[in-house]
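Data block for my_file23.txt (compact mmCIF, C-alpha atoms):
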# COMPACT_ATOMS: atom_id res chain seq x y z
CA MET M 1 8.65 25.60 58.37
CA THR M 2 5.83 27.36 56.58
CA THR M 3 4.48 24.09 55.29
CA LEU M 4 4.61 22.61 58.76
CA ASN M 5 2.74 25.54 60.25
CA ASN M 6 0.04 25.42 57.58
CA THR M 7 -0.40 21.68 58.08
CA THR M 8 -0.68 22.12 61.84
CA THR M 9 -3.28 24.88 61.40
CA ILE M 10 -5.40 22.77 59.04
CA THR M 11 -5.21 19.73 61.34
CA TYR M 12 -6.24 21.83 64.34
CA ALA M 13 -9.16 23.40 62.46
CA PHE M 14 -10.32 19.98 61.26
CA LYS M 15 -10.38 18.63 64.81
CA ARG M 16 -12.69 21.46 65.86
CA VAL M 17 -15.33 20.32 63.32
CA PRO M 18 -18.05 18.09 64.86
CA LYS M 19 -17.39 14.37 64.60
CA LEU M 20 -20.32 13.57 62.23
CA VAL M 21 -19.30 16.36 59.90
CA ARG M 22 -15.71 15.12 59.93
CA LEU M 23 -16.91 11.65 58.99
CA GLY M 24 -18.94 13.10 56.14
CA ILE M 25 -15.96 15.04 54.84
CA LEU M 26 -13.76 11.95 55.01
CA ALA M 27 -16.39 9.88 53.20
CA ALA M 28 -16.69 12.50 50.46
CA ALA M 29 -12.92 12.70 50.09
CA THR M 30 -12.68 8.92 49.89
CA GLY M 31 -15.40 8.86 47.22
CA MET M 32 -13.60 11.51 45.19
CA LEU M 33 -10.35 9.58 45.47
CA PHE M 34 -11.64 6.14 44.57
CA GLY M 35 -14.95 6.88 42.85
CA SER M 36 -13.37 7.44 39.45
CA THR M 37 -11.73 4.02 39.51
CA ALA M 38 -14.55 2.11 41.18
CA TYR M 39 -16.27 1.56 37.87
CA ALA M 40 -13.11 1.12 35.79
CA GLN M 41 -12.42 -2.47 34.87
CA GLU M 42 -8.78 -3.50 34.93
CA ARG M 43 -7.48 -6.24 32.67
CA THR M 44 -3.99 -7.62 32.23
CA LEU M 45 -3.21 -9.13 28.84
CA THR M 46 -0.23 -10.83 27.31
CA LEU M 47 0.64 -9.94 23.74
CA GLU M 48 -0.62 -13.31 22.47
CA GLU M 49 -3.93 -12.85 24.31
CA ALA M 50 -4.32 -9.36 22.87
CA ILE M 51 -3.76 -10.60 19.30
CA LYS M 52 -6.22 -13.46 19.74
CA LEU M 53 -8.86 -11.19 21.27
CA GLY M 54 -8.40 -8.54 18.58
CA LEU M 55 -8.75 -11.05 15.73
CA GLU M 56 -11.89 -12.54 17.29
CA ASN M 57 -13.59 -9.15 17.68
CA SER M 58 -12.31 -7.41 14.55
CA LYS M 59 -15.06 -5.73 12.56
CA THR M 60 -12.73 -5.56 9.56
CA LEU M 61 -12.39 -9.34 9.49
CA LYS M 62 -16.14 -9.74 9.78
CA LEU M 63 -16.54 -7.45 6.77
CA SER M 64 -13.90 -9.45 4.88
CA GLN M 65 -15.78 -12.67 5.68
CA SER M 66 -18.94 -11.16 4.22
CA LYS M 67 -16.99 -10.48 1.02
CA ILE M 68 -16.06 -14.17 0.89
CA ASP M 69 -19.72 -15.09 1.34
CA GLN M 70 -20.61 -12.73 -1.49
CA ALA M 71 -17.96 -14.29 -3.77
CA VAL M 72 -19.22 -17.80 -2.93
CA SER M 73 -22.75 -16.66 -3.78
CA GLN M 74 -21.54 -15.38 -7.15
CA TYR M 75 -19.81 -18.73 -7.73
CA ASN M 76 -23.04 -20.59 -7.01
CA GLN M 77 -24.90 -18.28 -9.39
CA ALA M 78 -22.38 -19.09 -12.09
CA LYS M 79 -23.01 -22.83 -11.57
CA ASP M 80 -26.76 -22.22 -11.72
CA LYS M 81 -26.40 -20.82 -15.24
CA ALA M 82 -25.47 -24.29 -16.46
CA LEU M 83 -28.79 -25.73 -15.27
CA PRO M 84 -31.73 -26.19 -17.68
CA THR M 85 -34.08 -23.24 -18.07
CA ALA M 86 -37.85 -23.72 -17.99
CA SER M 87 -40.87 -21.47 -18.36
CA ALA M 88 -44.65 -21.73 -18.36
CA SER M 89 -47.34 -19.36 -19.61
CA PHE M 90 -51.11 -19.34 -20.17
CA MET M 91 -53.11 -16.86 -22.23
CA TYR M 92 -56.85 -16.39 -22.78
CA SER M 93 -58.25 -14.17 -25.56
CA ARG M 94 -61.73 -13.45 -26.96
CA ALA M 95 -62.33 -12.12 -30.48
CA GLN M 96 -65.46 -10.28 -31.68
CA ILE M 97 -66.04 -10.54 -35.48
CA PRO M 98 -68.69 -8.00 -36.67
CA ALA M 99 -68.06 -8.77 -40.39
CA ASN M 100 -67.97 -12.51 -40.33
CA THR M 101 -68.87 -13.45 -43.95
CA LEU M 102 -66.32 -13.74 -46.71
CA ASN M 103 -67.55 -14.17 -50.31
CA LEU M 104 -65.32 -16.23 -52.57
CA GLY M 105 -67.16 -16.11 -55.92
CA GLN M 106 -69.88 -18.71 -55.80
CA GLU M 107 -68.65 -19.88 -52.43
CA SER M 108 -68.78 -18.01 -49.15
CA LEU M 109 -67.16 -18.50 -45.79
CA SER M 110 -68.96 -17.57 -42.65
CA LEU M 111 -67.26 -17.17 -39.27
CA PRO M 112 -68.92 -16.99 -35.89
CA LYS M 113 -69.73 -13.60 -34.40
CA SER M 114 -67.21 -14.29 -31.59
CA ALA M 115 -64.43 -16.76 -30.75
CA ASN M 116 -62.47 -17.80 -27.64
CA ALA M 117 -58.89 -19.04 -27.40
CA ASN M 118 -56.93 -20.55 -24.54
CA LEU M 119 -53.23 -21.12 -25.11
CA GLY M 120 -50.86 -22.72 -22.58
CA ILE M 121 -47.12 -23.28 -23.17
CA VAL M 122 -44.52 -25.15 -21.09
CA SER M 123 -40.95 -25.18 -22.44
CA VAL M 124 -37.61 -26.54 -21.25
CA GLU M 125 -34.20 -25.74 -22.74
CA GLU M 126 -30.81 -27.30 -21.96
CA VAL M 127 -27.64 -25.94 -23.52
CA ILE M 128 -25.61 -28.80 -24.94
CA TYR M 129 -22.70 -26.72 -26.18
CA GLY M 130 -22.11 -23.05 -25.41
CA GLY M 131 -18.48 -22.66 -26.40
CA GLY M 132 -17.34 -23.19 -22.78
CA ARG M 133 -18.98 -20.00 -21.52
CA PHE M 134 -20.50 -21.60 -18.42
CA ARG M 135 -17.31 -23.45 -17.53
CA TYR M 136 -15.25 -20.27 -17.83
CA ALA M 137 -17.79 -18.39 -15.72
CA LYS M 138 -17.41 -20.97 -12.93
CA GLU M 139 -13.63 -20.85 -13.14
CA SER M 140 -13.64 -17.05 -12.97
CA THR M 141 -15.85 -16.85 -9.91
CA ASP M 142 -13.91 -19.66 -8.21
CA LEU M 143 -10.72 -17.62 -8.65
CA LEU M 144 -12.47 -14.56 -7.19
CA VAL M 145 -13.47 -16.62 -4.13
CA ASN M 146 -9.82 -17.53 -3.55
CA VAL M 147 -8.77 -13.89 -3.97
CA ALA M 148 -11.32 -12.88 -1.31
CA LYS M 149 -9.99 -15.55 1.05
CA LEU M 150 -6.47 -14.22 0.64
CA ASP M 151 -7.82 -10.74 1.41
CA VAL M 152 -8.93 -12.07 4.79
CA GLU M 153 -5.48 -13.51 5.48
CA LYS M 154 -3.90 -10.21 4.50
CA ASP M 155 -6.28 -8.31 6.77
CA ARG M 156 -5.46 -10.69 9.64
CA GLU M 157 -1.77 -9.89 9.28
CA GLN M 158 -2.40 -6.13 9.26
CA ILE M 159 -4.82 -6.22 12.19
CA ALA M 160 -2.44 -8.37 14.23
CA TYR M 161 0.38 -5.92 13.51
CA ASN M 162 -1.78 -2.96 14.52
CA ILE M 163 -2.48 -4.69 17.83
CA VAL M 164 1.22 -5.46 18.35
CA ASN M 165 2.09 -1.85 17.58
CA ALA M 166 -0.47 -0.47 20.03
CA TYR M 167 0.53 -3.02 22.68
CA TYR M 168 4.19 -2.02 22.45
CA ASP M 169 3.22 1.67 22.55
CA LEU M 170 1.42 1.00 25.82
CA TYR M 171 4.41 -0.99 27.08
CA ARG M 172 6.73 1.93 26.27
CA VAL M 173 4.57 4.36 28.18
CA VAL M 174 4.16 2.08 31.20
CA GLN M 175 7.90 1.41 31.41
CA SER M 176 8.70 5.09 31.01
CA LYS M 177 6.23 5.96 33.78
CA SER M 178 7.94 3.39 36.00
CA VAL M 179 11.30 5.05 35.36
CA VAL M 180 9.73 8.44 36.13
CA GLU M 181 8.40 7.16 39.46
CA GLN M 182 11.79 5.74 40.40
CA SER M 183 13.51 8.98 39.42
CA ILE M 184 11.09 11.06 41.51
CA LYS M 185 11.82 8.90 44.56
CA SER M 186 15.54 9.34 43.98
CA ILE M 187 15.30 13.11 43.46
CA ASP M 188 13.15 13.42 46.59
CA GLN M 189 16.02 11.92 48.56
CA GLN M 190 18.38 14.43 46.98
CA ILE M 191 16.03 17.30 47.84
CA HIS M 192 15.81 16.10 51.43
CA GLN M 193 19.59 15.87 51.62
CA ALA M 194 20.04 19.30 50.01
CA GLN M 195 17.61 20.91 52.48
CA ARG M 196 19.54 19.33 55.33
CA PHE M 197 22.83 20.66 53.92
CA PHE M 198 21.22 24.07 53.46
CA GLU M 199 20.13 24.15 57.08
CA GLN M 200 23.71 23.30 58.03
CA GLY M 201 25.04 26.06 55.77
CA LEU M 202 26.89 23.63 53.48
CA VAL M 203 24.99 24.53 50.28
CA THR M 204 23.08 27.54 49.01
CA LYS M 205 19.33 27.90 48.50
CA ASN M 206 20.00 27.81 44.77
CA ASP M 207 21.25 24.22 45.08
CA VAL M 208 17.96 23.18 46.69
CA LEU M 209 15.97 24.99 44.01
CA ARG M 210 17.96 23.22 41.30
CA PHE M 211 16.90 19.81 42.60
CA GLN M 212 13.31 21.00 42.98
CA LEU M 213 13.33 22.27 39.38
CA GLN M 214 14.64 18.92 38.21
CA ARG M 215 11.78 17.19 40.04
CA SER M 216 9.22 19.52 38.41
CA ASN M 217 10.58 18.71 34.95
CA ILE M 218 10.32 14.99 35.65
CA GLU M 219 6.76 15.45 36.90
CA LEU M 220 5.85 17.30 33.69
CA ASN M 221 7.23 14.39 31.70
CA GLY M 222 5.10 12.07 33.83
CA ILE M 223 1.97 14.09 33.03
CA ASP M 224 2.64 13.80 29.28
CA LEU M 225 3.22 10.07 29.65
CA GLU M 226 -0.05 9.59 31.53
CA ASN M 227 -1.95 11.48 28.84
CA ASN M 228 -0.33 9.32 26.15
CA ARG M 229 -1.20 6.20 28.15
CA LYS M 230 -4.89 7.13 28.22
CA VAL M 231 -4.97 7.74 24.46
CA ILE M 232 -3.14 4.49 23.65
CA ASN M 233 -5.27 2.55 26.16
CA TYR M 234 -8.47 3.82 24.51
CA ASN M 235 -7.25 3.00 20.99
CA LEU M 236 -6.21 -0.48 22.08
CA ASN M 237 -9.63 -1.06 23.65
CA ILE M 238 -11.20 -0.24 20.29
CA LEU M 239 -8.87 -2.67 18.49
CA LEU M 240 -9.62 -5.45 20.98
CA GLY M 241 -13.37 -4.85 21.11
CA LEU M 242 -13.28 -4.09 24.86
CA PRO M 243 -15.36 -1.49 26.74
CA ASP M 244 -13.92 2.01 26.38
CA GLU M 245 -13.30 2.41 30.13
CA THR M 246 -11.26 -0.80 30.50
CA GLN M 247 -7.90 -0.15 32.16
CA LEU M 248 -5.33 -2.29 30.36
CA ASN M 249 -2.17 -3.58 31.99
CA VAL M 250 0.53 -5.15 29.86
CA SER M 251 2.48 -8.23 30.88
CA GLN M 252 6.23 -8.10 30.94
CA ILE M 253 7.48 -8.51 27.39
CA PRO M 254 10.46 -10.85 27.01
CA VAL M 255 13.47 -8.88 25.84
CA ALA M 256 15.74 -11.82 25.07
CA GLN M 257 17.38 -11.23 21.73
CA ARG M 258 16.22 -13.64 19.07
CA THR M 259 18.63 -15.31 16.68
CA VAL M 260 18.65 -13.53 13.35
CA ALA M 261 18.77 -15.72 10.24
CA PRO M 262 20.45 -14.54 7.01
CA LEU M 263 18.55 -11.85 5.12
CA GLN M 264 18.04 -14.08 2.07
CA SER M 265 16.06 -16.61 4.09
CA TYR M 266 13.57 -13.90 5.10
CA ARG M 267 13.26 -12.77 1.48
CA ASP M 268 12.62 -16.32 0.25
CA SER M 269 10.02 -16.84 2.96
CA ALA M 270 8.22 -13.62 2.07
CA LEU M 271 8.13 -14.44 -1.65
CA ALA M 272 6.67 -17.87 -0.86
CA ILE M 273 4.12 -16.80 1.77
CA ARG M 274 2.93 -13.25 1.17
CA GLU M 275 -0.75 -13.16 0.18
CA GLU M 276 -0.25 -10.26 -2.24
CA LEU M 277 1.85 -12.41 -4.57
CA LYS M 278 -0.62 -15.29 -4.39
CA GLN M 279 -3.41 -12.87 -5.25
CA GLN M 280 -1.54 -11.63 -8.32
CA ASP M 281 -1.09 -15.21 -9.52
CA LEU M 282 -4.84 -15.74 -9.14
CA ARG M 283 -5.59 -12.49 -10.97
CA THR M 284 -3.34 -13.61 -13.82
CA LYS M 285 -5.28 -16.88 -14.05
CA TYR M 286 -8.51 -14.90 -13.93
CA ALA M 287 -7.28 -12.78 -16.84
CA ASP M 288 -6.46 -15.96 -18.81
CA VAL M 289 -9.96 -17.32 -18.21
CA ASN M 290 -11.45 -13.98 -19.23
CA ILE M 291 -9.61 -14.14 -22.56
CA LYS M 292 -10.99 -17.63 -23.17
CA ASN M 293 -14.47 -16.50 -22.24
CA ILE M 294 -14.40 -13.62 -24.73
CA GLN M 295 -13.12 -15.93 -27.44
CA ALA M 296 -15.90 -18.41 -26.61
CA GLU M 297 -18.46 -15.73 -27.52
CA LYS M 298 -17.44 -16.23 -31.17
CA LEU M 299 -18.63 -19.86 -31.14
CA PRO M 300 -22.19 -21.06 -31.85
CA THR M 301 -24.55 -22.36 -29.18
CA LEU M 302 -26.42 -25.66 -29.41
CA ALA M 303 -29.36 -26.36 -27.14
CA ALA M 304 -31.96 -29.13 -26.74
CA THR M 305 -35.55 -27.89 -26.45
CA ALA M 306 -38.85 -29.48 -25.45
CA GLY M 307 -42.31 -27.92 -25.37
CA LEU M 308 -45.87 -28.72 -24.44
CA TYR M 309 -48.77 -26.69 -25.90
CA TYR M 310 -52.38 -26.60 -24.76
CA VAL M 311 -54.82 -25.09 -27.28
CA ASN M 312 -58.51 -24.75 -26.35
CA ALA M 313 -60.96 -22.82 -28.53
CA SER M 314 -63.83 -22.85 -26.03
CA ALA M 315 -64.67 -20.23 -23.44
CA ASN M 316 -64.07 -22.74 -20.68
CA PRO M 317 -60.28 -23.01 -20.09
CA LEU M 318 -60.65 -26.43 -18.47
CA PRO M 319 -60.10 -29.39 -20.77
CA ASN M 320 -63.28 -30.88 -22.30
CA ASN M 321 -63.18 -33.94 -24.52
CA GLY M 322 -62.83 -33.00 -28.17
CA LYS M 323 -62.38 -29.24 -27.57
CA TYR M 324 -58.61 -28.96 -27.11
CA ILE M 325 -55.33 -30.20 -28.54
CA THR M 326 -51.93 -30.72 -26.83
CA PRO M 327 -49.02 -30.73 -29.28
CA LEU M 328 -45.66 -31.91 -27.90
CA THR M 329 -42.42 -30.66 -29.47
CA ALA M 330 -38.78 -31.63 -29.13
CA GLY M 331 -35.78 -30.46 -31.08
CA LEU M 332 -32.38 -28.84 -31.30
CA ALA M 333 -31.72 -25.13 -31.53
CA LEU M 334 -28.51 -23.88 -33.09
CA SER M 335 -27.65 -20.19 -32.88
CA TRP M 336 -24.56 -18.29 -33.90
CA ASN M 337 -23.90 -14.60 -33.55
CA PHE M 338 -21.16 -14.60 -36.19
CA GLY M 339 -20.89 -10.81 -35.94
CA SER M 340 -18.76 -11.43 -32.84
CA LEU M 341 -16.00 -12.68 -35.18
CA TRP M 342 -15.08 -9.05 -35.87
CA THR M 343 -16.74 -7.18 -32.99
CA ASN M 344 -14.90 -9.14 -30.24
CA LYS M 345 -11.41 -8.60 -31.65
CA ASN M 346 -10.73 -5.45 -29.59
CA LYS M 347 -12.25 -7.05 -26.48
CA VAL M 348 -9.70 -9.83 -26.70
CA ASN M 349 -6.88 -7.29 -27.10
CA GLU M 350 -8.08 -5.41 -24.03
CA ALA M 351 -8.24 -8.63 -22.00
CA ARG M 352 -4.67 -9.48 -23.02
CA ILE M 353 -3.50 -6.03 -21.95
CA GLN M 354 -5.18 -6.55 -18.56
CA ARG M 355 -3.37 -9.86 -18.19
CA GLU M 356 -0.05 -8.20 -18.94
CA GLU M 357 -0.81 -5.60 -16.27
CA THR M 358 -1.23 -8.33 -13.66
CA VAL M 359 2.20 -9.71 -14.56
CA ILE M 360 3.77 -6.25 -14.29
CA ASN M 361 2.00 -5.59 -10.98
CA LYS M 362 3.39 -8.82 -9.57
CA GLY M 363 6.88 -7.62 -10.41
CA ILE M 364 6.24 -4.30 -8.67
CA ILE M 365 4.79 -6.03 -5.60
CA THR M 366 7.77 -8.41 -5.50
CA ASP M 367 10.21 -5.48 -5.46
CA ASN M 368 8.21 -3.72 -2.74
CA ILE M 369 8.18 -6.86 -0.58
CA LYS M 370 11.93 -7.29 -0.96
CA ASN M 371 12.46 -3.67 0.10
CA GLU M 372 10.08 -4.09 3.03
CA VAL M 373 11.85 -7.24 4.25
CA ASN M 374 15.27 -5.63 3.89
CA GLN M 375 14.24 -2.49 5.78
CA SER M 376 12.57 -4.51 8.56
CA TYR M 377 15.63 -6.73 8.84
CA GLN M 378 18.04 -3.80 9.09
CA ASN M 379 15.81 -2.04 11.62
CA TYR M 380 15.77 -5.11 13.85
CA VAL M 381 19.55 -5.54 13.67
CA LYS M 382 19.98 -1.85 14.48
CA ALA M 383 17.58 -2.11 17.43
CA VAL M 384 19.48 -5.07 18.89
CA ASP M 385 22.80 -3.24 18.53
CA LYS M 386 21.26 -0.16 20.14
CA ILE M 387 20.23 -2.18 23.20
CA LYS M 388 23.82 -3.38 23.67
CA LEU M 389 25.16 0.19 23.52
CA LEU M 390 22.49 1.51 25.90
CA GLU M 391 23.20 -1.25 28.42
CA THR M 392 26.81 -0.07 28.41
CA SER M 393 25.70 3.57 28.81
CA ILE M 394 23.45 2.56 31.74
CA ALA M 395 26.44 1.03 33.52
CA GLN M 396 28.48 4.17 32.82
CA ALA M 397 25.66 6.47 33.98
CA ASN M 398 25.23 4.44 37.18
CA GLU M 399 28.92 4.66 37.96
CA ASN M 400 28.99 8.39 37.17
CA ASN M 401 25.95 8.97 39.38
CA ARG M 402 27.50 6.95 42.22
CA ILE M 403 30.74 8.95 42.07
CA LEU M 404 29.00 12.35 42.00
CA THR M 405 26.63 11.29 44.80
CA SER M 406 29.67 10.54 46.97
CA LYS M 407 31.41 13.77 45.96
CA TYR M 408 28.30 15.84 46.62
CA ALA M 409 27.90 14.23 50.04
CA ASN M 410 31.50 15.23 50.77
CA SER M 411 30.94 18.75 49.38
CA THR M 412 33.49 18.19 46.59
CA ALA M 413 30.93 18.39 43.75
CA SER M 414 28.36 21.05 42.94
CA ALA M 415 24.60 20.57 42.93
CA THR M 416 24.66 21.19 39.18
CA ASP M 417 27.01 18.25 38.60
CA ARG M 418 24.92 16.08 40.90
CA ALA M 419 21.64 17.00 39.12
CA ASP M 420 23.22 16.47 35.70
CA ALA M 421 24.39 13.00 36.68
CA GLU M 422 20.89 12.15 37.91
CA THR M 423 19.39 13.44 34.67
CA LEU M 424 21.80 11.41 32.52
CA LEU M 425 20.96 8.25 34.43
CA TYR M 426 17.23 8.95 34.19
CA GLN M 427 17.44 9.57 30.43
CA ALA M 428 19.59 6.48 29.86
CA GLN M 429 17.07 4.31 31.71
CA ILE M 430 14.19 5.62 29.60
CA ASN M 431 16.20 5.20 26.40
CA LEU M 432 16.94 1.58 27.28
CA GLU M 433 13.28 0.75 27.93
CA LEU M 434 12.28 2.41 24.66
CA ALA M 435 15.02 0.56 22.80
CA LYS M 436 13.81 -2.78 24.16
CA ALA M 437 10.29 -1.99 22.99
CA ASP M 438 11.62 -0.86 19.60
CA ALA M 439 13.54 -4.12 19.21
CA GLY M 440 10.46 -6.20 20.04
CA LEU M 441 8.29 -4.24 17.62
CA ALA M 442 10.99 -4.43 14.93
CA TYR M 443 11.00 -8.23 15.28
CA TYR M 444 7.23 -8.43 14.83
CA ASN M 445 7.50 -6.05 11.90
CA LEU M 446 10.01 -8.47 10.35
CA LEU M 447 7.53 -11.31 10.90
CA LYS M 448 4.83 -9.27 9.16
CA ALA M 449 7.14 -8.48 6.25
CA THR M 450 7.79 -12.20 5.76
CA GLY M 451 4.09 -13.06 6.15
CA LYS M 452 4.54 -15.12 9.33
CA LEU M 453 2.96 -12.87 11.95
CA THR M 454 -0.25 -14.89 12.36
CA LYS M 455 1.06 -18.22 11.07
Show me this structure written as structure tokens.
Amino acid sequence: MTTLNNTTTITYAFKRVPKLVRLGILAAATGMLFGSTAYAQERTLTLEEAIKLGLENSKTLKLSQSKIDQAVSQYNQAKDKALPTASASFMYSRAQIPANTLNLGQESLSLPKSANANLGIVSVEEVIYGGGRFRYAKESTDLLVNVAKLDVEKDREQIAYNIVNAYYDLYRVVQSKSVVEQSIKSIDQQIHQAQRFFEQGLVTKNDVLRFQLQRSNIELNGIDLENNRKVINYNLNILLGLPDETQLNVSQIPVAQRTVAPLQSYRDSALAIREELKQQDLRTKYADVNIKNIQAEKLPTLAATAGLYYVNASANPLPNNGKYITPLTAGLALSWNFGSLWTNKNKVNEARIQREETVINKGIITDNIKNEVNQSYQNYVKAVDKIKLLETSIAQANENNRILTSKYANSTASATDRADAETLLYQAQINLELAKADAGLAYYNLLKATGKLTK
């Protein structure tokens, strides 16, 4: 009755306010109510759309692509080393000779007081045999390019899984909020019924307060869920490259249970597909090439050379007939740093140790992948079994709630029993929605473990 009186008083006072002022108050209230959402953009996405959008806008993938470009550039530089080298130079010098006479017994040699010299050189060199150094350099950088490409594929899998994880987190919260809203509507009916019984003297005030307390607890849970929704929504916007204020709505996720293949088939798929294992194979090949490259440093180098010289002894650097010569040279240059026969021995040993480490690392990664697949498989099976049990508990909680609702209406059950039944049903509904989300996420986690999430 107090609430009714207060409402009547406020309504009466509002009517006494002039009409224009009332319109202004209503406009302000409407702006406060809807102004915060007027600028918020809503967007509904399916899980597939979210993954596609996230992969397109991922800054991590863009950085990974730049690493591929860098590796390709290094590969091209390695190919350039096999091209001929060429150089050109020109030098002018002037010599002053104060003592320009040289006595040789009865003969003497006189030099000019000064002399000019112009010297130009153009040379070209092509390595004919370098012990395979250039070929090994190209092979090494080509392997690094392939490793970088596999890094991108690995990043795609991880980014896609992060999006799936965030999407299911948002789905959990939205479904839980829906259950909260349904529970509040149901408890409001119970409060209304309890107040009516109280007015008729059938129940005590404590029974009404018990239902009201239950409603307050559900509302508190709803506040926590809304806060979690805002945090998850913001994080998902960042992952998808959307504006921070975008309000995301998730589509209904199919909860049909998928057929589970034998565990061994998932293990075999993971060992054949996972990028980490392919990368270790490439690193082993890279280590083999590195050993060959170090050994190639012990071999001599043979190169073909050609040169053009321009020698002019006049002050004028431009060619004048009879005042310059232009020798042409061509030949072979053989060089051998035979000290590498004993100085490279420990380098080769180190390279072989590095190769052995890649083989050991592959074994470790293989074991970790098997463990990951097994754990993901068991988690998915457990999640599916949990859904079956919770569906049974939902049916039991519904029946229990129906019975106690009837008993309470007939005054044969207490308000405590009635509230407990409502709470059990509410909790069972939330647990079922969370279990469905857990099963979906566990399935995608199994796909990631086998390397099939984005394939």
Distance atom CA of Phe198 of chain M-atom CA of Tyr426 of chain M, one decimal place? 24.8 Å
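Rounded to one decimal, atom CA of Lys177 of chain M and atom CA of Gly222 of chain M lie 6.2 Å from each other.
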Considering only C-alpha atoms, return as a CSV table (one decimal) with C-alpha atoms, in the frame of the given file whatever protein or nucleic-acid residues lie within 7 Å of Ala303 of chain M, sequence-local ones (same chain, fewer than 5 positions apart) excluded.
chain,number,residue,atom,x,y,z
M,125,GLU,CA,-34.2,-25.7,-22.7
M,126,GLU,CA,-30.8,-27.3,-22.0
M,127,VAL,CA,-27.6,-25.9,-23.5
M,128,ILE,CA,-25.6,-28.8,-24.9
M,129,TYR,CA,-22.7,-26.7,-26.2
M,332,LEU,CA,-32.4,-28.8,-31.3
M,333,ALA,CA,-31.7,-25.1,-31.5
M,334,LEU,CA,-28.5,-23.9,-33.1
Can you work out the spacing between atom CA of Val311 of chain M and atom CA of Ala95 of chain M in Å, to one decimal? 15.3 Å
Quick one: residues within 10 Å of (11.1, -3.6, 5.7) (file frame), counting all atoms listed in the file, please, as a list in words. Asn368, Ile369, Lys370, Asn371, Glu372, Val373, Asn374, Gln375, Ser376, Tyr377, Gln378, Asn379, Tyr380, Ala442, Asn445, Leu446, Leu447, Lys448, Ala449 and Thr450 of chain M
Within 12 Å of (16.4, 9.1, 31.7), all atoms listed in the file: residues as number ranges by chain? M: 175-184, 214, 217-218, 221-222, 390, 393-394, 397-398, 420-434
Kindly export the residues of the current selection with C-alpha atoms, as a CSV table (one decimal), in the coordinates of the input.
chain,number,residue,atom,x,y,z
M,175,GLN,CA,7.9,1.4,31.4
M,176,SER,CA,8.7,5.1,31.0
M,177,LYS,CA,6.2,6.0,33.8
M,178,SER,CA,7.9,3.4,36.0
M,179,VAL,CA,11.3,5.0,35.4
M,180,VAL,CA,9.7,8.4,36.1
M,181,GLU,CA,8.4,7.2,39.5
M,182,GLN,CA,11.8,5.7,40.4
M,183,SER,CA,13.5,9.0,39.4
M,184,ILE,CA,11.1,11.1,41.5
M,214,GLN,CA,14.6,18.9,38.2
M,217,ASN,CA,10.6,18.7,35.0
M,218,ILE,CA,10.3,15.0,35.6
M,221,ASN,CA,7.2,14.4,31.7
M,222,GLY,CA,5.1,12.1,33.8
M,390,LEU,CA,22.5,1.5,25.9
M,393,SER,CA,25.7,3.6,28.8
M,394,ILE,CA,23.4,2.6,31.7
M,397,ALA,CA,25.7,6.5,34.0
M,398,ASN,CA,25.2,4.4,37.2
M,420,ASP,CA,23.2,16.5,35.7
M,421,ALA,CA,24.4,13.0,36.7
M,422,GLU,CA,20.9,12.2,37.9
M,423,THR,CA,19.4,13.4,34.7
M,424,LEU,CA,21.8,11.4,32.5
M,425,LEU,CA,21.0,8.2,34.4
M,426,TYR,CA,17.2,9.0,34.2
M,427,GLN,CA,17.4,9.6,30.4
M,428,ALA,CA,19.6,6.5,29.9
M,429,GLN,CA,17.1,4.3,31.7
M,430,ILE,CA,14.2,5.6,29.6
M,431,ASN,CA,16.2,5.2,26.4
M,432,LEU,CA,16.9,1.6,27.3
M,433,GLU,CA,13.3,0.8,27.9
M,434,LEU,CA,12.3,2.4,24.7
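Distance annotation: of M:Gly322, M:Gly331, M:Gly120, M:Gly451, the residue with the minimal separation from Ala160 of chain M is M:Gly451; atom set is all atoms listed in the file.
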For segment 281-288 of chain M, please output as a VMD selection string all residues within 12 Å (counting only C-alpha atoms; exclusion window: fewer than 2 positions along the same chain). chain M and resid 136 to 150 272 274 to 279 290 to 295 348 to 363 365 to 366
Which residue, M:Ile387, M:Val152, M:Ile253, M:Ala413, has the smallest gap to Leu61 of chain M when you use only C-alpha atoms? M:Val152
Min atom-atom distance to Ile191 of chain M from the set M:Ala419, M:Glu297, M:Ile68, M:Lys386, counting all atoms listed in the file, belongs to M:Ala419
Residues at most 12 Å from Ser314 of chain M, counting only C-alpha atoms, excluding those fewer than 3 positions away in the same chain, as a ChimeraX atom specification? /M:92-95,114-119,311,317-325
Would you put the residues from that selection into a file with C-alpha atoms, as an mmCIF file, in the frame of the given file?
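Okay, out_26.cif is ready:
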data_model
loop_
_atom_site.group_PDB
_atom_site.id
_atom_site.type_symbol
_atom_site.label_atom_id
_atom_site.label_comp_id
_atom_site.auth_asym_id
_atom_site.auth_seq_id
_atom_site.Cartn_x
_atom_site.Cartn_y
_atom_site.Cartn_z
ATOM 1 C CA TYR M 92 -56.850 -16.390 -22.780
ATOM 2 C CA SER M 93 -58.250 -14.170 -25.560
ATOM 3 C CA ARG M 94 -61.730 -13.450 -26.960
ATOM 4 C CA ALA M 95 -62.330 -12.120 -30.480
ATOM 5 C CA SER M 114 -67.210 -14.290 -31.590
ATOM 6 C CA ALA M 115 -64.430 -16.760 -30.750
ATOM 7 C CA ASN M 116 -62.470 -17.800 -27.640
ATOM 8 C CA ALA M 117 -58.890 -19.040 -27.400
ATOM 9 C CA ASN M 118 -56.930 -20.550 -24.540
ATOM 10 C CA LEU M 119 -53.230 -21.120 -25.110
ATOM 11 C CA VAL M 311 -54.820 -25.090 -27.280
ATOM 12 C CA PRO M 317 -60.280 -23.010 -20.090
ATOM 13 C CA LEU M 318 -60.650 -26.430 -18.470
ATOM 14 C CA PRO M 319 -60.100 -29.390 -20.770
ATOM 15 C CA ASN M 320 -63.280 -30.880 -22.300
ATOM 16 C CA ASN M 321 -63.180 -33.940 -24.520
ATOM 17 C CA GLY M 322 -62.830 -33.000 -28.170
ATOM 18 C CA LYS M 323 -62.380 -29.240 -27.570
ATOM 19 C CA TYR M 324 -58.610 -28.960 -27.110
ATOM 20 C CA ILE M 325 -55.330 -30.200 -28.540
#
